[in-house]
Amino acid sequence: MKPGLSARLRPLWGMAALVAVWALVHATKAVDPVLLPSPMEALQAFWNGLAGGSLWGDFEKTIVRTVLSFLIALAIAVPLGIVLGANEKIYEGIEFAIDFFRSTPASAMFPLFLVLFGVGERTKIAVAAFGAALAILFNVAYGVMSARKQRQLAARVMGAPRWRVLTDVTLLESMPQVFVGMRSGVSIALVIVIVAEMFIGSTDGLGQRIMNAQTIFDMPDMYASIFAAGLLGYVMNLVFLVAERRFVHWGGK
């Protein structure tokens with residue numbers, strides 16, 4: 001049975017309520033209108049930024065940095081996570097180090113990466129890749145270790161060699177958890193990239209645009225840039241959700 005119109009519109013209720021509260025607070029001047037413009041002013045600034053092209057440029061820079069750092073993290077963390085997940089003794093030996101750095105705020109690592117890579121693109125991408133890689137690594141290793149032992153045993157009983165059990169059973173079983181790690185990783189990469197654009201010598205990107213707008217009290221543009229960053233994160237997460245439903249349809253079965 002297909003959902004009705006009301007069910008389809010239900011995800012928009014929260015957004016509509018947020019905008020209504022925002023408009024009410026602005027109209028009653030509960031917050032200084034200079035600091036909190038109306039939703040229409042922010043939307044107009046967002047549209048003007050897109051129409052004028054300046055927002056597109058910063059949007060593109062942030063996307064490129066996020067995707068590049070995510071791909072680097074993916075290339076490193078997935079193979080390493082498979083190796084660690086398939087060898088639980090090795091994983092137990094370095095589990096503390098993984099959890100320690102995974103629990104350390106990425107912003108605390110900025111000074112170290114600035115020393116290693118200097119002020120520039122490499123630092124932003126490297127620190128974002130580092131944060132994303134830890135999230136992906138943990139989830140890949142956990143997914144491999146949590147693969148159903150019965151299916152692995154059944155494959156061995158039927159004479160499958162160890163590498164076939166790994167590729168045809170264990171990895172397929174771990175894919176739902178791998179996608180969880182990928183969604184977490186791309187979100188972490190985006191957050192770190194935007195924070196890095198704010199504080200590590202950027203001349204472009206959404207983070208730099210937010211800081212510049214706040215500095216000159218161009219609040220509509222600041223809120224428009226924040227909205228653009230949130231929209232980017234939502235779309236990236238949605239892409240992985242759709243891909244997971246399409247390619248990992250056996251998850252949980």
# chains A, B, ... in the order shown; residues from 1 in each chain; ligands from 1
$ select_by_dssp --residues "range 21-178 of chain A" --states "helix (DSSP H, G or I)" --output "CSV table (one decimal) with N, CA and C atoms, in the first residue's frame"
chain,number,residue,atom,x,y,z
A,21,VAL,N,8.6,28.9,14.4
A,21,VAL,CA,9.2,29.4,15.6
A,21,VAL,C,10.2,30.5,15.3
A,22,TRP,N,11.0,30.3,14.3
A,22,TRP,CA,12.0,31.3,13.9
A,22,TRP,C,11.3,32.6,13.5
A,23,ALA,N,10.2,32.5,12.7
A,23,ALA,CA,9.5,33.7,12.3
A,23,ALA,C,8.8,34.4,13.5
A,24,LEU,N,8.3,33.6,14.4
A,24,LEU,CA,7.7,34.2,15.6
A,24,LEU,C,8.7,34.9,16.5
A,25,VAL,N,9.8,34.3,16.7
A,25,VAL,CA,10.9,35.0,17.5
A,25,VAL,C,11.3,36.3,16.8
A,26,HIS,N,11.4,36.3,15.5
A,26,HIS,CA,11.8,37.5,14.8
A,26,HIS,C,10.8,38.5,14.9
A,27,ALA,N,9.5,38.1,14.7
A,27,ALA,CA,8.4,39.1,14.7
A,27,ALA,C,8.2,39.7,16.1
A,28,THR,N,8.4,39.0,17.1
A,28,THR,CA,8.2,39.5,18.5
A,28,THR,C,9.5,40.2,19.0
A,39,PRO,N,13.2,34.4,8.4
A,39,PRO,CA,13.4,33.3,7.4
A,39,PRO,C,13.5,33.8,6.0
A,40,MET,N,12.6,34.8,5.6
A,40,MET,CA,12.6,35.2,4.2
A,40,MET,C,13.9,36.0,3.9
A,41,GLU,N,14.4,36.7,4.8
A,41,GLU,CA,15.7,37.4,4.6
A,41,GLU,C,16.8,36.4,4.3
A,42,ALA,N,16.8,35.4,5.1
A,42,ALA,CA,17.9,34.3,5.0
A,42,ALA,C,17.7,33.6,3.7
A,43,LEU,N,16.4,33.3,3.3
A,43,LEU,CA,16.2,32.6,2.1
A,43,LEU,C,16.5,33.5,0.9
A,44,GLN,N,16.3,34.8,1.0
A,44,GLN,CA,16.6,35.7,-0.1
A,44,GLN,C,18.1,35.8,-0.3
A,45,ALA,N,18.9,35.8,0.9
A,45,ALA,CA,20.3,35.8,0.8
A,45,ALA,C,20.9,34.5,0.2
A,46,PHE,N,20.2,33.4,0.5
A,46,PHE,CA,20.6,32.1,-0.1
A,46,PHE,C,20.4,32.1,-1.6
A,47,TRP,N,19.3,32.6,-2.0
A,47,TRP,CA,18.9,32.7,-3.4
A,47,TRP,C,19.9,33.7,-4.2
A,48,ASN,N,20.2,34.8,-3.6
A,48,ASN,CA,21.1,35.8,-4.2
A,48,ASN,C,22.5,35.2,-4.3
A,49,GLY,N,22.9,34.5,-3.3
A,49,GLY,CA,24.2,33.8,-3.4
A,49,GLY,C,24.3,32.8,-4.5
A,50,LEU,N,23.2,32.1,-4.7
A,50,LEU,CA,23.2,31.1,-5.8
A,50,LEU,C,23.1,31.8,-7.1
A,51,ALA,N,22.3,32.8,-7.2
A,51,ALA,CA,22.1,33.5,-8.5
A,51,ALA,C,23.3,34.3,-8.9
A,52,GLY,N,24.0,34.9,-7.9
A,52,GLY,CA,25.2,35.7,-8.1
A,52,GLY,C,26.4,34.8,-8.4
A,54,SER,N,28.5,33.5,-6.1
A,54,SER,CA,29.5,33.5,-5.1
A,54,SER,C,29.3,32.3,-4.2
A,55,LEU,N,28.1,32.0,-3.8
A,55,LEU,CA,27.8,30.8,-3.0
A,55,LEU,C,28.2,29.5,-3.6
A,56,TRP,N,27.9,29.5,-4.9
A,56,TRP,CA,28.3,28.2,-5.7
A,56,TRP,C,29.8,27.9,-5.6
A,57,GLY,N,30.6,29.0,-5.7
A,57,GLY,CA,32.0,28.8,-5.6
A,57,GLY,C,32.5,28.2,-4.3
A,58,ASP,N,32.0,28.8,-3.2
A,58,ASP,CA,32.3,28.3,-1.9
A,58,ASP,C,31.7,26.9,-1.7
A,59,PHE,N,30.5,26.7,-2.1
A,59,PHE,CA,29.9,25.4,-2.1
A,59,PHE,C,30.7,24.3,-2.7
A,60,GLU,N,31.2,24.6,-3.9
A,60,GLU,CA,32.0,23.7,-4.7
A,60,GLU,C,33.3,23.4,-4.0
A,61,LYS,N,34.0,24.4,-3.4
A,61,LYS,CA,35.3,24.2,-2.7
A,61,LYS,C,35.1,23.2,-1.5
A,62,THR,N,34.0,23.4,-0.8
A,62,THR,CA,33.8,22.6,0.4
A,62,THR,C,33.5,21.2,0.0
A,63,ILE,N,32.7,21.0,-1.1
A,63,ILE,CA,32.4,19.7,-1.6
A,63,ILE,C,33.7,18.9,-2.0
A,64,VAL,N,34.5,19.6,-2.8
A,64,VAL,CA,35.8,19.0,-3.3
A,64,VAL,C,36.6,18.6,-2.1
A,65,ARG,N,36.8,19.4,-1.1
A,65,ARG,CA,37.6,19.1,0.0
A,65,ARG,C,37.0,17.9,0.8
A,66,THR,N,35.7,17.9,1.0
A,66,THR,CA,35.1,16.8,1.7
A,66,THR,C,35.2,15.5,1.0
A,67,VAL,N,34.9,15.5,-0.3
A,67,VAL,CA,34.9,14.3,-1.1
A,67,VAL,C,36.3,13.7,-1.1
A,68,LEU,N,37.3,14.6,-1.3
A,68,LEU,CA,38.7,14.2,-1.4
A,68,LEU,C,39.2,13.5,-0.1
A,69,SER,N,38.9,14.2,1.0
A,69,SER,CA,39.3,13.7,2.3
A,69,SER,C,38.6,12.4,2.6
A,70,PHE,N,37.3,12.3,2.2
A,70,PHE,CA,36.5,11.0,2.4
A,70,PHE,C,37.1,9.9,1.6
A,71,LEU,N,37.5,10.1,0.3
A,71,LEU,CA,38.0,9.1,-0.5
A,71,LEU,C,39.4,8.6,0.0
A,72,ILE,N,40.2,9.5,0.5
A,72,ILE,CA,41.5,9.1,1.1
A,72,ILE,C,41.2,8.3,2.4
A,73,ALA,N,40.3,8.7,3.2
A,73,ALA,CA,39.9,7.9,4.4
A,73,ALA,C,39.4,6.5,4.0
A,74,LEU,N,38.6,6.5,3.0
A,74,LEU,CA,38.0,5.2,2.5
A,74,LEU,C,39.1,4.2,2.0
A,75,ALA,N,40.0,4.8,1.2
A,75,ALA,CA,41.1,4.0,0.7
A,75,ALA,C,42.0,3.4,1.7
A,76,ILE,N,42.2,4.1,2.8
A,76,ILE,CA,43.0,3.6,3.9
A,76,ILE,C,42.3,2.7,4.9
A,77,ALA,N,41.1,3.2,5.3
A,77,ALA,CA,40.4,2.6,6.4
A,77,ALA,C,39.7,1.2,6.1
A,78,VAL,N,39.2,1.1,4.8
A,78,VAL,CA,38.5,-0.1,4.5
A,78,VAL,C,39.4,-1.3,4.5
A,79,PRO,N,40.5,-1.3,3.7
A,79,PRO,CA,41.5,-2.5,3.7
A,79,PRO,C,42.0,-2.7,5.1
A,80,LEU,N,42.4,-1.7,5.8
A,80,LEU,CA,42.9,-1.9,7.2
A,80,LEU,C,41.8,-2.4,8.1
A,81,GLY,N,40.6,-2.0,8.0
A,81,GLY,CA,39.5,-2.5,8.8
A,81,GLY,C,39.2,-3.9,8.5
A,82,ILE,N,39.3,-4.3,7.3
A,82,ILE,CA,39.1,-5.8,6.9
A,82,ILE,C,40.2,-6.6,7.6
A,83,VAL,N,41.4,-6.2,7.5
A,83,VAL,CA,42.6,-6.9,8.1
A,83,VAL,C,42.4,-7.0,9.6
A,84,LEU,N,42.1,-5.9,10.2
A,84,LEU,CA,41.9,-6.0,11.7
A,84,LEU,C,40.7,-6.8,12.1
A,85,GLY,N,39.6,-6.7,11.4
A,85,GLY,CA,38.4,-7.4,11.7
A,85,GLY,C,38.6,-8.9,11.5
A,86,ALA,N,39.4,-9.3,10.6
A,86,ALA,CA,39.7,-10.7,10.3
A,86,ALA,C,40.7,-11.3,11.3
A,88,GLU,N,41.2,-10.8,15.1
A,88,GLU,CA,40.8,-10.2,16.3
A,88,GLU,C,41.9,-9.9,17.3
A,89,LYS,N,42.9,-10.8,17.3
A,89,LYS,CA,44.0,-10.6,18.3
A,89,LYS,C,44.8,-9.3,17.9
A,90,ILE,N,45.0,-9.1,16.7
A,90,ILE,CA,45.7,-7.8,16.3
A,90,ILE,C,44.8,-6.6,16.6
A,91,TYR,N,43.5,-6.7,16.4
A,91,TYR,CA,42.6,-5.6,16.7
A,91,TYR,C,42.6,-5.3,18.2
A,92,GLU,N,42.6,-6.4,19.0
A,92,GLU,CA,42.6,-6.2,20.4
A,92,GLU,C,43.9,-5.5,20.9
A,93,GLY,N,45.0,-5.7,20.1
A,93,GLY,CA,46.3,-5.1,20.5
A,93,GLY,C,46.3,-3.6,20.2
A,94,ILE,N,45.5,-3.1,19.3
A,94,ILE,CA,45.6,-1.7,19.0
A,94,ILE,C,44.2,-1.0,19.2
A,95,GLU,N,43.3,-1.7,19.8
A,95,GLU,CA,42.0,-1.2,20.1
A,95,GLU,C,42.0,0.1,20.9
A,96,PHE,N,42.9,0.1,21.9
A,96,PHE,CA,42.9,1.3,22.8
A,96,PHE,C,43.4,2.5,21.9
A,97,ALA,N,44.3,2.3,21.1
A,97,ALA,CA,44.8,3.5,20.3
A,97,ALA,C,43.7,4.0,19.3
A,98,ILE,N,42.9,3.0,18.7
A,98,ILE,CA,41.9,3.4,17.8
A,98,ILE,C,40.8,4.2,18.6
A,99,ASP,N,40.4,3.7,19.8
A,99,ASP,CA,39.3,4.3,20.5
A,99,ASP,C,39.8,5.7,21.1
A,100,PHE,N,41.1,5.7,21.4
A,100,PHE,CA,41.6,7.0,22.0
A,100,PHE,C,41.6,8.1,21.0
A,101,PHE,N,42.1,7.8,19.8
A,101,PHE,CA,42.1,8.9,18.7
A,101,PHE,C,40.7,9.1,18.2
A,102,ARG,N,39.8,8.1,18.2
A,102,ARG,CA,38.4,8.3,17.7
A,102,ARG,C,37.7,9.2,18.7
A,103,SER,N,38.1,9.1,20.0
A,103,SER,CA,37.4,9.9,21.0
A,103,SER,C,38.0,11.3,21.2
A,106,ALA,N,38.6,16.3,16.7
A,106,ALA,CA,39.5,16.5,15.6
A,106,ALA,C,40.1,17.9,15.7
A,107,SER,N,39.4,18.9,16.2
A,107,SER,CA,39.9,20.2,16.3
A,107,SER,C,41.2,20.3,17.2
A,108,ALA,N,41.3,19.4,18.1
A,108,ALA,CA,42.5,19.3,19.0
A,108,ALA,C,43.7,18.9,18.2
A,109,MET,N,43.5,18.3,17.0
A,109,MET,CA,44.6,17.8,16.2
A,109,MET,C,45.1,18.8,15.2
A,110,PHE,N,44.4,20.0,15.1
A,110,PHE,CA,44.8,21.0,14.2
A,110,PHE,C,46.2,21.4,14.3
A,111,PRO,N,46.7,21.8,15.5
A,111,PRO,CA,48.1,22.2,15.7
A,111,PRO,C,49.1,21.2,15.2
A,112,LEU,N,48.8,19.9,15.4
A,112,LEU,CA,49.7,18.9,15.0
A,112,LEU,C,49.8,18.8,13.5
A,113,PHE,N,48.6,18.9,12.8
A,113,PHE,CA,48.6,18.8,11.3
A,113,PHE,C,49.1,20.1,10.7
A,114,LEU,N,49.0,21.2,11.4
A,114,LEU,CA,49.6,22.4,10.9
A,114,LEU,C,51.1,22.3,10.9
A,115,VAL,N,51.7,21.7,12.0
A,115,VAL,CA,53.1,21.5,12.0
A,115,VAL,C,53.6,20.6,10.9
A,116,LEU,N,52.8,19.5,10.7
A,116,LEU,CA,53.2,18.5,9.7
A,116,LEU,C,53.0,19.0,8.3
A,117,PHE,N,51.9,19.7,8.0
A,117,PHE,CA,51.6,20.0,6.6
A,117,PHE,C,51.5,21.5,6.3
A,121,GLU,N,45.8,23.7,1.8
A,121,GLU,CA,44.9,22.7,1.5
A,121,GLU,C,45.2,21.4,2.1
A,122,ARG,N,46.4,21.0,2.1
A,122,ARG,CA,46.8,19.7,2.6
A,122,ARG,C,46.4,19.5,4.0
A,123,THR,N,46.5,20.5,4.9
A,123,THR,CA,46.1,20.4,6.3
A,123,THR,C,44.6,20.1,6.4
A,124,LYS,N,43.8,20.9,5.7
A,124,LYS,CA,42.4,20.7,5.8
A,124,LYS,C,42.0,19.3,5.4
A,125,ILE,N,42.5,18.9,4.3
A,125,ILE,CA,42.2,17.5,3.8
A,125,ILE,C,42.7,16.4,4.7
A,126,ALA,N,43.9,16.6,5.1
A,126,ALA,CA,44.6,15.6,6.0
A,126,ALA,C,43.8,15.4,7.3
A,127,VAL,N,43.5,16.5,8.0
A,127,VAL,CA,42.8,16.3,9.3
A,127,VAL,C,41.4,15.8,9.1
A,128,ALA,N,40.7,16.2,8.0
A,128,ALA,CA,39.4,15.6,7.8
A,128,ALA,C,39.5,14.1,7.4
A,129,ALA,N,40.5,13.8,6.6
A,129,ALA,CA,40.6,12.3,6.3
A,129,ALA,C,41.0,11.5,7.5
A,130,PHE,N,41.8,12.1,8.4
A,130,PHE,CA,42.1,11.4,9.7
A,130,PHE,C,40.9,11.1,10.5
A,131,GLY,N,40.0,12.1,10.7
A,131,GLY,CA,38.8,11.9,11.5
A,131,GLY,C,37.9,11.0,10.8
A,132,ALA,N,37.7,11.1,9.5
A,132,ALA,CA,36.8,10.2,8.8
A,132,ALA,C,37.3,8.7,8.8
A,133,ALA,N,38.6,8.6,8.7
A,133,ALA,CA,39.2,7.2,8.6
A,133,ALA,C,39.0,6.5,9.9
A,134,LEU,N,39.0,7.1,11.0
A,134,LEU,CA,38.9,6.4,12.3
A,134,LEU,C,37.4,5.9,12.4
A,135,ALA,N,36.5,6.7,12.0
A,135,ALA,CA,35.1,6.2,12.1
A,135,ALA,C,34.8,5.1,11.1
A,136,ILE,N,35.4,5.2,9.9
A,136,ILE,CA,35.2,4.1,8.9
A,136,ILE,C,35.9,2.8,9.4
A,137,LEU,N,37.1,3.0,9.9
A,137,LEU,CA,37.9,1.8,10.3
A,137,LEU,C,37.2,1.1,11.4
A,138,PHE,N,36.7,1.8,12.4
A,138,PHE,CA,36.0,1.1,13.5
A,138,PHE,C,34.8,0.3,13.0
A,139,ASN,N,34.0,0.9,12.2
A,139,ASN,CA,32.8,0.2,11.7
A,139,ASN,C,33.1,-0.9,10.8
A,140,VAL,N,34.1,-0.8,9.9
A,140,VAL,CA,34.5,-1.9,9.0
A,140,VAL,C,35.0,-3.1,9.9
A,141,ALA,N,35.9,-2.8,10.8
A,141,ALA,CA,36.4,-3.9,11.6
A,141,ALA,C,35.3,-4.6,12.5
A,142,TYR,N,34.4,-3.8,13.0
A,142,TYR,CA,33.3,-4.3,13.8
A,142,TYR,C,32.4,-5.1,12.9
A,143,GLY,N,32.2,-4.7,11.7
A,143,GLY,CA,31.3,-5.4,10.8
A,143,GLY,C,31.9,-6.7,10.4
A,144,VAL,N,33.2,-6.8,10.2
A,144,VAL,CA,33.8,-8.1,9.8
A,144,VAL,C,33.8,-9.0,11.0
A,145,MET,N,34.1,-8.5,12.2
A,145,MET,CA,34.1,-9.3,13.4
A,145,MET,C,32.7,-9.8,13.7
A,149,LYS,N,28.7,-16.3,12.4
A,149,LYS,CA,29.6,-17.4,12.4
A,149,LYS,C,29.0,-18.7,11.7
A,150,GLN,N,27.7,-18.8,11.8
A,150,GLN,CA,27.0,-20.0,11.2
A,150,GLN,C,27.3,-20.0,9.7
A,151,ARG,N,27.1,-18.8,9.0
A,151,ARG,CA,27.3,-18.8,7.6
A,151,ARG,C,28.8,-19.1,7.2
A,152,GLN,N,29.7,-18.5,8.0
A,152,GLN,CA,31.1,-18.8,7.8
A,152,GLN,C,31.4,-20.3,7.9
A,153,LEU,N,30.9,-20.9,8.9
A,153,LEU,CA,31.1,-22.3,9.2
A,153,LEU,C,30.5,-23.1,8.1
A,154,ALA,N,29.3,-22.8,7.6
A,154,ALA,CA,28.7,-23.5,6.5
A,154,ALA,C,29.5,-23.4,5.3
A,155,ALA,N,30.1,-22.3,5.0
A,155,ALA,CA,30.9,-22.1,3.8
A,155,ALA,C,32.2,-23.0,3.9
A,156,ARG,N,32.7,-23.1,5.1
A,156,ARG,CA,33.9,-23.9,5.3
A,156,ARG,C,33.6,-25.4,5.1
A,157,VAL,N,32.4,-25.8,5.7
A,157,VAL,CA,32.0,-27.2,5.6
A,157,VAL,C,31.8,-27.6,4.2
A,162,ARG,N,39.7,-20.2,2.6
A,162,ARG,CA,39.6,-19.1,3.6
A,162,ARG,C,39.3,-17.8,2.8
A,163,TRP,N,40.0,-17.5,1.7
A,163,TRP,CA,39.8,-16.3,1.0
A,163,TRP,C,38.4,-16.1,0.4
A,164,ARG,N,37.8,-17.3,0.0
A,164,ARG,CA,36.4,-17.2,-0.5
A,164,ARG,C,35.4,-17.0,0.6
A,165,VAL,N,35.7,-17.5,1.8
A,165,VAL,CA,34.8,-17.3,2.9
A,165,VAL,C,34.9,-15.8,3.3
A,166,LEU,N,36.1,-15.2,3.2
A,166,LEU,CA,36.2,-13.8,3.5
A,166,LEU,C,35.5,-12.9,2.5
A,167,THR,N,35.7,-13.2,1.2
A,167,THR,CA,35.1,-12.3,0.2
A,167,THR,C,33.6,-12.5,0.0
A,168,ASP,N,33.2,-13.8,0.0
A,168,ASP,CA,31.8,-14.1,-0.4
A,168,ASP,C,30.9,-14.2,0.8
A,169,VAL,N,31.4,-14.3,2.0
A,169,VAL,CA,30.5,-14.4,3.2
A,169,VAL,C,30.8,-13.2,4.1
A,170,THR,N,32.0,-13.2,4.7
A,170,THR,CA,32.3,-12.2,5.7
A,170,THR,C,32.1,-10.8,5.2
A,171,LEU,N,32.6,-10.4,4.1
A,171,LEU,CA,32.5,-9.1,3.6
A,171,LEU,C,31.1,-8.7,3.2
A,172,LEU,N,30.4,-9.6,2.6
A,172,LEU,CA,29.0,-9.3,2.3
A,172,LEU,C,28.2,-9.1,3.6
A,173,GLU,N,28.5,-9.9,4.6
A,173,GLU,CA,27.8,-9.8,5.9
A,173,GLU,C,28.1,-8.5,6.6
A,174,SER,N,29.3,-8.0,6.4
A,174,SER,CA,29.7,-6.7,7.0
A,174,SER,C,29.3,-5.5,6.3
A,175,MET,N,28.7,-5.6,5.1
A,175,MET,CA,28.4,-4.4,4.3
A,175,MET,C,27.5,-3.4,5.0
A,176,PRO,N,26.4,-3.9,5.7
A,176,PRO,CA,25.5,-2.9,6.3
A,176,PRO,C,26.3,-2.0,7.3
A,177,GLN,N,27.2,-2.6,8.1
A,177,GLN,CA,28.0,-1.9,9.1
A,177,GLN,C,29.0,-1.0,8.4
A,178,VAL,N,29.5,-1.4,7.2
A,178,VAL,CA,30.5,-0.6,6.4
A,178,VAL,C,29.8,0.6,6.0
$ residues_around --residues "Asn237 in chain A" --least-positions-apart "3" --cutoff "6 Å" --atoms "only C-alpha atoms" --output "PyMOL selection string"
chain A and resi 183+234+240
$ write_last_selection --atoms "C-alpha atoms" --output "PDB file, in the first residue's frame"
ATOM      1  CA  ARG A 183      27.849   7.694   6.441  1.00  0.00           C
ATOM      2  CA  TYR A 234      21.837  16.115   4.455  1.00  0.00           C
ATOM      3  CA  PHE A 240      24.573   6.827   1.154  1.00  0.00           C
TER       4      PHE A 240
END
$ closest_residue --among "A:Ser225, A:Ser184, A:Ser146, A:Ser38" --to "Asn212 in chain A" --atoms "only C-alpha atoms"
A:Ser225
$ atom_distance --atom1 "CA of Ser202 in chain A" --atom2 "CA of Gly118 in chain A"
12.5 Å
$ closest_residue --among "A:Val31, A:Val19, A:Ala196, A:Met211" --to "Ile226 in chain A" --atoms "only C-alpha atoms"
A:Met211
$ closest_residue --among "A:Met236, A:Ile216, A:Ala17, A:Ala224" --to "Ala189 in chain A" --atoms "only C-alpha atoms"
A:Met236
$ atom_distance --atom1 "CA of Val191 in chain A" --atom2 "CA of Val34 in chain A"
26.7 Å
$ closest_residue --among "A:Pro11, A:Gln208, A:Phe247, A:Val180" --to "Val193 in chain A" --atoms "only C-alpha atoms"
A:Gln208
$ residues_around --residues "Met222 in chain A" --least-positions-apart "3" --cutoff "6 Å" --atoms "only C-alpha atoms" --output "ChimeraX atom specification"
/A:210,213,219,225
$ write_last_selection --atoms "C-alpha atoms" --output "PDB file, in the first residue's frame"
ATOM      1  CA  ILE A 210      30.200  31.877   7.515  1.00  0.00           C
ATOM      2  CA  ALA A 213      29.535  37.079   7.205  1.00  0.00           C
ATOM      3  CA  MET A 219      23.527  37.901   9.298  1.00  0.00           C
ATOM      4  CA  SER A 225      25.699  29.775   4.431  1.00  0.00           C
TER       5      SER A 225
END
$ closest_residue --among "A:Gly53, A:Gly181, A:Gly120, A:Gly230" --to "Ile200 in chain A" --atoms "only C-alpha atoms"
A:Gly120
$ closest_residue --among "A:Val119, A:Ala243, A:Leu18, A:Leu36" --to "Phe199 in chain A" --atoms "only C-alpha atoms"
A:Val119
$ atom_distance --atom1 "CA of Ala228 in chain A" --atom2 "CA of Ile188 in chain A"
16.5 Å
